[in-house]
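Note: the block below is data18.cif and it holds mmCIF, C-alpha atoms.
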```cif
data_my_file
#
loop_
_atom_site.label_atom_id
_atom_site.label_comp_id
_atom_site.auth_asym_id
_atom_site.auth_seq_id
_atom_site.Cartn_x
_atom_site.Cartn_y
_atom_site.Cartn_z
CA MET A 4 -145.08 157.75 -173.78
CA ARG A 5 -144.25 154.96 -171.31
CA GLU A 6 -143.97 156.20 -167.75
CA PRO A 7 -140.41 155.85 -166.36
CA ASP A 8 -140.09 153.35 -163.55
CA ILE A 9 -140.05 154.24 -159.87
CA ALA A 10 -138.12 151.36 -158.33
CA ARG A 11 -138.84 152.13 -154.69
CA ALA A 12 -141.25 154.54 -153.03
CA VAL A 13 -142.24 155.50 -149.52
CA VAL A 14 -145.75 156.90 -149.15
CA THR A 15 -146.42 158.71 -145.88
CA GLY A 16 -150.04 159.19 -144.88
CA ALA A 17 -150.72 155.99 -146.78
CA SER A 18 -154.03 155.26 -145.04
CA GLY A 19 -155.62 158.48 -146.28
CA PHE A 20 -157.83 158.89 -149.33
CA ILE A 21 -155.06 159.92 -151.74
CA GLY A 22 -152.41 157.81 -150.02
CA ARG A 23 -154.30 154.53 -150.46
CA ALA A 24 -154.95 155.25 -154.14
CA LEU A 25 -151.33 156.25 -154.73
CA VAL A 26 -150.00 153.08 -153.12
CA ARG A 27 -152.24 150.97 -155.38
CA HIS A 28 -151.20 152.95 -158.47
CA LEU A 29 -147.49 152.57 -157.73
CA HIS A 30 -147.87 148.89 -156.89
CA LEU A 31 -149.62 148.20 -160.20
CA GLY A 32 -146.71 149.92 -161.95
CA GLY A 33 -144.21 147.55 -160.36
CA THR A 34 -142.89 149.86 -157.66
CA GLU A 35 -141.76 148.42 -154.34
CA VAL A 36 -143.83 150.51 -151.93
CA THR A 37 -143.51 151.09 -148.20
CA ALA A 38 -146.64 152.57 -146.63
CA VAL A 39 -146.12 154.69 -143.51
CA ASP A 40 -148.99 155.92 -141.36
CA ARG A 41 -150.00 156.37 -137.72
CA LYS A 42 -152.80 153.87 -138.28
CA PRO A 43 -152.55 150.38 -139.74
CA PHE A 44 -152.30 150.08 -143.51
CA ILE A 45 -154.16 146.87 -144.22
CA GLU A 46 -153.95 146.48 -148.00
CA PRO A 47 -151.59 143.85 -149.47
CA THR A 48 -150.09 146.29 -151.99
CA ALA A 49 -147.21 147.48 -149.81
CA SER A 50 -145.13 146.68 -146.78
CA ALA A 51 -146.44 148.78 -143.91
CA ILE A 52 -144.93 150.65 -141.01
CA GLU A 53 -147.17 152.04 -138.29
CA ALA A 54 -145.41 155.22 -137.17
CA ASP A 55 -145.68 158.99 -136.90
CA VAL A 56 -143.31 160.64 -139.37
CA ALA A 57 -143.13 163.68 -137.10
CA GLU A 58 -140.97 161.59 -134.77
CA PRO A 59 -137.23 161.89 -135.58
CA GLY A 60 -135.66 158.85 -137.20
CA VAL A 61 -138.85 157.09 -138.34
CA LEU A 62 -137.66 156.93 -141.95
CA THR A 63 -134.07 155.99 -141.08
CA GLY A 64 -133.15 152.85 -142.97
CA LEU A 65 -136.07 153.13 -145.39
CA LEU A 66 -134.56 155.65 -147.77
CA ASP A 67 -131.68 155.67 -150.23
CA SER A 68 -130.78 157.58 -153.38
CA GLY A 69 -133.13 155.42 -155.45
CA THR A 70 -136.21 156.05 -153.28
CA VAL A 71 -138.99 158.52 -154.05
CA VAL A 72 -140.85 159.83 -150.99
CA PHE A 73 -144.43 160.91 -151.55
CA HIS A 74 -145.11 162.89 -148.39
CA LEU A 75 -148.89 162.88 -147.98
CA ALA A 76 -148.97 162.73 -144.17
CA ALA A 77 -150.71 165.91 -143.00
CA SER A 78 -153.93 167.28 -141.69
CA ALA A 79 -156.25 168.04 -144.57
CA ASP A 80 -159.10 170.09 -143.17
CA VAL A 81 -159.29 173.87 -143.41
CA ALA A 82 -162.03 174.27 -140.81
CA LEU A 83 -160.29 172.04 -138.28
CA SER A 84 -157.05 173.98 -138.76
CA VAL A 85 -158.95 177.14 -137.78
CA ASP A 86 -160.42 175.37 -134.76
CA ASN A 87 -157.09 173.93 -133.62
CA PRO A 88 -154.09 175.53 -135.33
CA ARG A 89 -151.58 173.92 -132.95
CA ARG A 90 -152.68 170.42 -133.91
CA ASP A 91 -152.61 171.35 -137.58
CA PHE A 92 -149.04 172.65 -137.19
CA GLU A 93 -147.90 169.51 -135.38
CA ASN A 94 -149.49 167.21 -137.95
CA THR A 95 -148.60 169.10 -141.10
CA PHE A 96 -145.32 170.93 -140.65
CA ARG A 97 -143.30 168.88 -138.16
CA GLY A 98 -143.70 165.77 -140.24
CA LEU A 99 -142.43 167.50 -143.37
CA PHE A 100 -139.32 168.73 -141.55
CA GLU A 101 -138.41 165.20 -140.46
CA VAL A 102 -139.03 163.86 -143.96
CA LEU A 103 -136.80 166.56 -145.46
CA GLU A 104 -134.04 165.72 -142.99
CA ALA A 105 -134.27 162.00 -143.69
CA ALA A 106 -134.25 162.58 -147.46
CA ARG A 107 -131.30 164.98 -147.17
CA THR A 108 -129.27 162.30 -145.40
CA ALA A 109 -130.22 159.54 -147.83
CA GLY A 110 -130.28 161.58 -151.03
CA SER A 111 -133.89 160.64 -151.81
CA ARG A 112 -136.35 162.49 -154.03
CA ILE A 113 -139.45 164.05 -152.45
CA VAL A 114 -142.82 164.84 -153.99
CA PHE A 115 -144.61 167.25 -151.66
CA PRO A 116 -148.37 167.66 -152.23
CA SER A 117 -149.37 171.23 -151.46
CA THR A 118 -152.71 172.94 -152.00
CA ALA A 119 -154.48 175.62 -153.99
CA SER A 120 -155.45 177.11 -150.62
CA ILE A 121 -152.08 178.87 -150.43
CA PHE A 122 -153.15 181.46 -153.02
CA ASP A 123 -154.59 184.89 -152.31
CA PRO A 124 -158.31 184.83 -153.17
CA SER A 125 -157.87 188.13 -155.07
CA ASN A 126 -155.69 186.52 -157.76
CA GLN A 127 -157.03 186.50 -161.29
CA LEU A 128 -158.18 183.11 -162.55
CA PRO A 129 -157.06 180.64 -163.70
CA LEU A 130 -154.24 180.38 -161.17
CA PRO A 131 -150.73 179.85 -162.55
CA GLU A 132 -148.03 178.35 -160.33
CA ARG A 133 -146.55 181.82 -159.71
CA ALA A 134 -149.80 183.47 -158.61
CA PHE A 135 -149.49 185.55 -155.45
CA PRO A 136 -149.63 183.43 -152.27
CA ARG A 137 -151.48 184.67 -149.20
CA PRO A 138 -153.01 181.85 -147.12
CA SER A 139 -156.49 182.20 -145.67
CA SER A 140 -156.19 179.44 -143.04
CA PRO A 141 -153.61 177.78 -140.77
CA TYR A 142 -153.82 174.71 -142.99
CA ALA A 143 -152.84 176.73 -146.06
CA ALA A 144 -150.15 178.58 -144.08
CA GLY A 145 -148.62 175.27 -143.05
CA LYS A 146 -148.54 174.09 -146.65
CA LEU A 147 -146.98 177.33 -147.86
CA ALA A 148 -144.33 177.12 -145.12
CA GLY A 149 -143.72 173.55 -146.28
CA GLU A 150 -143.19 174.74 -149.84
CA ALA A 151 -140.71 177.33 -148.58
CA TYR A 152 -138.74 174.67 -146.71
CA CYS A 153 -138.75 172.46 -149.80
CA HIS A 154 -137.24 175.26 -151.86
CA ALA A 155 -134.71 176.04 -149.12
CA TYR A 156 -133.56 172.41 -148.95
CA HIS A 157 -133.30 172.30 -152.73
CA ARG A 158 -131.20 175.46 -152.89
CA CYS A 159 -129.03 174.83 -149.82
CA TYR A 160 -128.51 171.07 -150.06
CA GLY A 161 -129.37 170.21 -153.64
CA LEU A 162 -132.26 168.03 -152.48
CA ASP A 163 -134.55 166.91 -155.30
CA VAL A 164 -137.93 168.21 -154.14
CA ARG A 165 -140.96 168.64 -156.42
CA ILE A 166 -144.19 170.32 -155.36
CA ALA A 167 -147.64 169.22 -156.53
CA ARG A 168 -150.34 171.82 -155.92
CA LEU A 169 -153.49 169.75 -155.60
CA PHE A 170 -156.80 171.46 -156.18
CA SER A 171 -160.02 169.49 -155.40
CA VAL A 172 -159.46 165.75 -155.59
CA TYR A 173 -162.50 163.46 -155.42
CA GLY A 174 -163.50 159.93 -156.26
CA VAL A 175 -163.94 156.39 -155.03
CA GLY A 176 -162.57 156.13 -151.51
CA MET A 177 -163.42 159.67 -150.39
CA PHE A 178 -165.09 160.08 -147.00
CA ARG A 179 -165.56 163.84 -146.81
CA PHE A 180 -165.65 167.14 -148.69
CA ALA A 181 -168.31 168.60 -150.93
CA ILE A 182 -169.11 165.78 -153.35
CA HIS A 183 -169.32 163.22 -150.57
CA ASP A 184 -171.48 165.53 -148.46
CA ILE A 185 -173.85 166.38 -151.32
CA VAL A 186 -174.44 162.70 -152.06
CA ARG A 187 -175.11 161.91 -148.40
CA LYS A 188 -177.49 164.85 -148.02
CA ILE A 189 -179.46 163.82 -151.11
CA GLN A 190 -179.67 160.27 -149.76
CA ARG A 191 -181.24 161.64 -146.59
CA ASN A 192 -183.56 164.10 -148.34
CA SER A 193 -184.05 163.92 -152.09
CA ARG A 194 -186.50 166.82 -152.12
CA GLU A 195 -184.33 169.63 -150.75
CA ILE A 196 -180.67 170.38 -150.01
CA THR A 197 -178.94 173.37 -148.42
CA ILE A 198 -175.36 174.28 -149.32
CA LEU A 199 -173.10 176.84 -147.72
CA GLY A 200 -172.46 180.22 -149.28
CA ASP A 201 -174.45 181.45 -152.26
CA GLY A 202 -173.63 178.54 -154.57
CA SER A 203 -171.28 180.60 -156.73
CA GLN A 204 -168.14 179.10 -155.17
CA VAL A 205 -165.84 177.76 -157.86
CA ARG A 206 -163.65 174.68 -157.66
CA ASP A 207 -161.46 172.64 -159.98
CA TYR A 208 -162.23 168.91 -159.58
CA LEU A 209 -159.78 166.13 -160.42
CA TYR A 210 -160.67 162.45 -160.17
CA ILE A 211 -158.51 160.40 -157.81
CA ASP A 212 -157.06 158.14 -160.54
CA ASP A 213 -155.87 161.20 -162.46
CA ALA A 214 -154.49 162.76 -159.28
CA VAL A 215 -152.27 159.81 -158.37
CA ARG A 216 -151.16 159.44 -161.97
CA GLY A 217 -150.20 163.11 -161.92
CA LEU A 218 -148.21 162.68 -158.70
CA ALA A 219 -146.26 159.82 -160.25
CA MET A 220 -145.71 161.88 -163.40
CA ILE A 221 -144.29 164.78 -161.40
CA ALA A 222 -141.94 162.31 -159.69
CA THR A 223 -140.66 160.90 -162.98
CA ARG A 224 -140.98 163.70 -165.54
CA GLY A 225 -140.93 166.85 -163.42
CA SER A 226 -137.90 168.92 -162.48
CA ALA A 227 -136.26 169.37 -159.11
CA GLY A 228 -137.21 172.58 -157.32
CA GLU A 229 -140.34 173.14 -159.41
CA GLU A 230 -144.02 173.32 -158.49
CA TYR A 231 -146.88 172.02 -160.63
CA ASN A 232 -150.61 172.68 -160.48
CA LEU A 233 -152.31 169.29 -160.43
CA ALA A 234 -155.91 169.84 -161.51
CA SER A 235 -158.31 169.54 -164.43
CA GLY A 236 -158.22 173.24 -165.29
CA ILE A 237 -162.04 173.28 -165.54
CA PRO A 238 -164.03 175.62 -163.26
CA VAL A 239 -167.19 174.24 -161.66
CA ARG A 240 -169.68 176.23 -159.58
CA LEU A 241 -170.93 174.55 -156.43
CA ILE A 242 -174.57 175.04 -157.33
CA HIS A 243 -174.02 173.45 -160.75
CA LEU A 244 -172.12 170.57 -159.14
CA THR A 245 -174.99 169.99 -156.73
CA ARG A 246 -177.55 169.98 -159.54
CA ARG A 247 -175.46 167.57 -161.60
CA ILE A 248 -175.06 165.13 -158.71
CA ALA A 249 -178.80 165.26 -158.04
CA MET A 250 -179.54 164.51 -161.68
CA LEU A 251 -177.13 161.57 -161.71
CA MET A 252 -178.83 160.26 -158.57
CA GLY A 253 -182.23 160.49 -160.23
CA HIS A 254 -183.49 163.63 -158.50
CA PRO A 255 -183.39 166.40 -161.13
CA ASP A 256 -186.13 168.44 -159.44
CA ILE A 257 -184.48 168.74 -156.02
CA VAL A 258 -184.75 172.22 -154.47
CA ILE A 259 -181.31 173.71 -153.84
CA LYS A 260 -181.12 176.32 -151.11
CA THR A 261 -178.11 178.36 -150.05
CA SER A 262 -177.25 179.32 -146.50
CA GLY A 263 -175.46 182.56 -147.38
CA GLN A 264 -172.83 181.61 -144.80
CA SER A 265 -169.37 180.12 -144.99
CA PHE A 266 -166.63 179.48 -142.43
CA PRO A 267 -163.29 181.14 -141.59
CA GLY A 268 -160.51 180.05 -143.91
CA ASP A 269 -162.73 179.11 -146.84
CA THR A 270 -161.68 180.30 -150.29
CA PRO A 271 -164.54 181.45 -152.53
CA ARG A 272 -163.18 180.38 -155.90
CA TRP A 273 -160.25 178.74 -157.60
CA TYR A 274 -159.30 176.85 -160.71
CA ALA A 275 -155.91 176.14 -162.20
CA ASP A 276 -153.81 177.07 -165.17
CA ILE A 277 -152.46 173.59 -165.97
CA SER A 278 -150.25 174.50 -168.92
CA LYS A 279 -147.07 173.67 -166.99
CA ILE A 280 -148.05 170.11 -166.07
CA GLU A 281 -149.49 169.62 -169.55
CA GLN A 282 -145.91 170.05 -170.81
CA LEU A 283 -145.10 166.86 -168.89
CA GLY A 284 -147.83 165.08 -170.84
CA PHE A 285 -150.52 165.24 -168.19
CA HIS A 286 -154.20 165.65 -168.90
CA SER A 287 -157.23 164.50 -166.95
CA ALA A 288 -158.52 161.27 -168.49
CA ILE A 289 -161.75 161.03 -166.48
CA ASP A 290 -164.23 163.85 -166.99
CA LEU A 291 -166.48 165.13 -164.22
CA ASP A 292 -169.61 163.20 -165.21
CA ALA A 293 -167.74 159.90 -165.42
CA GLY A 294 -165.98 160.56 -162.15
CA LEU A 295 -169.20 161.55 -160.41
CA GLU A 296 -170.95 158.41 -161.66
CA ARG A 297 -168.20 156.21 -160.21
CA THR A 298 -168.12 158.11 -156.95
CA ILE A 299 -171.89 158.11 -156.48
CA ALA A 300 -172.08 154.39 -157.22
CA TRP A 301 -169.38 153.69 -154.64
CA LEU A 302 -170.98 155.88 -151.98
CA VAL A 303 -174.53 154.66 -152.58
CA ASP A 304 -173.94 150.98 -153.30
CA GLY A 305 -170.72 150.29 -151.43
CA ASP A 306 -170.62 148.43 -148.11
CA HIS A 307 -168.59 150.87 -146.04
CA ALA A 308 -169.06 153.30 -143.18
CA ASP A 309 -168.39 157.02 -143.41
CA ALA A 310 -165.16 156.92 -141.48
CA SER A 311 -161.65 156.86 -142.83
CA PRO A 312 -158.57 155.97 -140.79
CA SER A 313 -157.89 158.81 -138.35
CA SER A 314 -154.25 159.38 -139.16
CA VAL A 315 -152.07 162.33 -139.99
CA SER A 316 -153.19 161.87 -143.56
CA GLY A 317 -156.61 163.24 -142.75
CA ARG A 318 -159.42 163.81 -140.29
CA THR A 319 -162.89 162.32 -140.26
CA GLU A 320 -164.90 164.64 -138.01
CA ALA A 321 -168.12 165.85 -139.60
CA ARG A 322 -167.86 169.34 -141.04
CA PRO A 323 -170.47 171.55 -142.72
CA LEU A 324 -170.90 171.19 -146.45
CA HIS A 325 -168.52 173.48 -148.29
CA ALA A 326 -167.01 173.73 -151.74
CA ARG A 327 -163.76 171.85 -151.50
#
```

Could you spell out this file's structure in structure tokens?
Amino acid sequence: MREPDIARAVVTGASGFIGRALVRHLHLGGTEVTAVDRKPFIEPTASAIEADVAEPGVLTGLLDSGTVVFHLAASADVALSVDNPRRDFENTFRGLFEVLEAARTAGSRIVFPSTASIFDPSNQLPLPERAFPRPSSPYAAGKLAGEAYCHAYHRCYGLDVRIARLFSVYGVGMFRFAIHDIVRKIQRNSREITILGDGSQVRDYLYIDDAVRGLAMIATRGSAGEEYNLASGIPVRLIHLTRRIAMLMGHPDIVIKTSGQSFPGDTPRWYADISKIEQLGFHSAIDLDAGLERTIAWLVDGDHADASPSSVSGRTEARPLHAR
């Protein structure tokens, strides 16, 4: 099935990991893209505006009824949200409110990326969209509050808002989270690695190309006022992920140790029921091994530093290795 066209799109948080990939994906599909971020967006795939979407009026003049807003601008770090909940609130929630107001005035469509972190850890797995929410961190609470506002604006004002619940996105361009950290640790010491927890943490990994394709699919084939799990639907234990990465890096005999410790706000296990988004025609096209091979090659062979743009789309401070 040919993907319907998105004539015009605004991507907030465009300098972040997912934002950059989404801008490229939309541009290749012929969409006229405007990239908005607090830091410069330097790729030639979109016109760029350097601004903070949490400031009133930033999107005025950019939106109309034919524009789709992909609102990715937010903090994206559970541990940092625990350390500084005020900053997380300012970065995550205030920006969404201003985007909702701008879209309400212009009649634009919004795709709001949320997170699997909103769910209560006691839910049975796999997680359907209607699993019981009970956030474990300020980051997750901000996302759940954002979902609530999206539904309120849809019901009160008829605003076309669609929610994408992202699980664990990885791939070329990532600068943090578990896969990145495992690769870097093995580069430093190929004989031994220590991971947080007991290694039984479960995640649902989705390669970045599939993630941005899924976001575009929700924008074009999804329904207003609905939420969709965007994931592979395949559970992966952290200890198995670590072993697989080590094998792909040529170190199958590495000793894997566990710290037995985690951090406040971490969720021990999740993976998604993806039957709803499958009804839109979505499936992950890049399996974990293929995605890991691409990611490892980029991290090991690429000429880049471990620092992404420090914008509302994400944070770059070093965090302990965990299972995201």

Across A:Asp55, A:Asp212, A:Asp86, A:Asp80, the smallest distance to A:Glu101, with only C-alpha atoms counted, is shown by A:Asp55

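Pairwise distance (atom CA of A:Val114, atom CA of A:Tyr173) equals 19.8 Å.
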
So, counting only C-alpha atoms, which residue among A:Pro267, A:Gly98, A:Gly22, A:Pro131 is closest to A:Glu46?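 Smallest distance to A:Glu46 is found for A:Gly22.
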
Query raised in the report: Contacts of A:Leu66 at 9 Å or less, counting only C-alpha atoms, minus same-chain residues fewer than 2 places along, as a list in words?
Result: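 Near A:Leu66, the qualifying residues are Arg11, Ala12, Val13, Leu62, Thr63, Gly64, Ser68, Gly69, Thr70, Val71, Val72, Ala105, Ala106, Thr108, Ala109, Gly110 and Ser111 of chain A.
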
Any chance you could resolve the PyMOL selection byres ((chain A and resi 84) around 10) against this file and give the residues as an mmCIF file with C-alpha atoms, in the frame of the given file?
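So selection-v7.cif came out as:
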```
data_model
loop_
_atom_site.group_PDB
_atom_site.id
_atom_site.type_symbol
_atom_site.label_atom_id
_atom_site.label_comp_id
_atom_site.auth_asym_id
_atom_site.auth_seq_id
_atom_site.Cartn_x
_atom_site.Cartn_y
_atom_site.Cartn_z
ATOM 1 C CA SER A 78 -153.930 167.280 -141.690
ATOM 2 C CA ALA A 79 -156.250 168.040 -144.570
ATOM 3 C CA ASP A 80 -159.100 170.090 -143.170
ATOM 4 C CA VAL A 81 -159.290 173.870 -143.410
ATOM 5 C CA ALA A 82 -162.030 174.270 -140.810
ATOM 6 C CA LEU A 83 -160.290 172.040 -138.280
ATOM 7 C CA VAL A 85 -158.950 177.140 -137.780
ATOM 8 C CA ASP A 86 -160.420 175.370 -134.760
ATOM 9 C CA ASN A 87 -157.090 173.930 -133.620
ATOM 10 C CA PRO A 88 -154.090 175.530 -135.330
ATOM 11 C CA ARG A 89 -151.580 173.920 -132.950
ATOM 12 C CA ARG A 90 -152.680 170.420 -133.910
ATOM 13 C CA ASP A 91 -152.610 171.350 -137.580
ATOM 14 C CA PHE A 92 -149.040 172.650 -137.190
ATOM 15 C CA SER A 140 -156.190 179.440 -143.040
ATOM 16 C CA PRO A 141 -153.610 177.780 -140.770
ATOM 17 C CA TYR A 142 -153.820 174.710 -142.990
ATOM 18 C CA ALA A 143 -152.840 176.730 -146.060
ATOM 19 C CA ALA A 144 -150.150 178.580 -144.080
ATOM 20 C CA GLY A 145 -148.620 175.270 -143.050
ATOM 21 C CA PRO A 267 -163.290 181.140 -141.590
ATOM 22 C CA GLY A 268 -160.510 180.050 -143.910
#
```

- Taking all atoms listed in the file into account, which of A:Arg158, A:Arg168, A:Arg23, A:Arg247 comes nearest A:Phe122?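 Closest candidate: A:Arg168.
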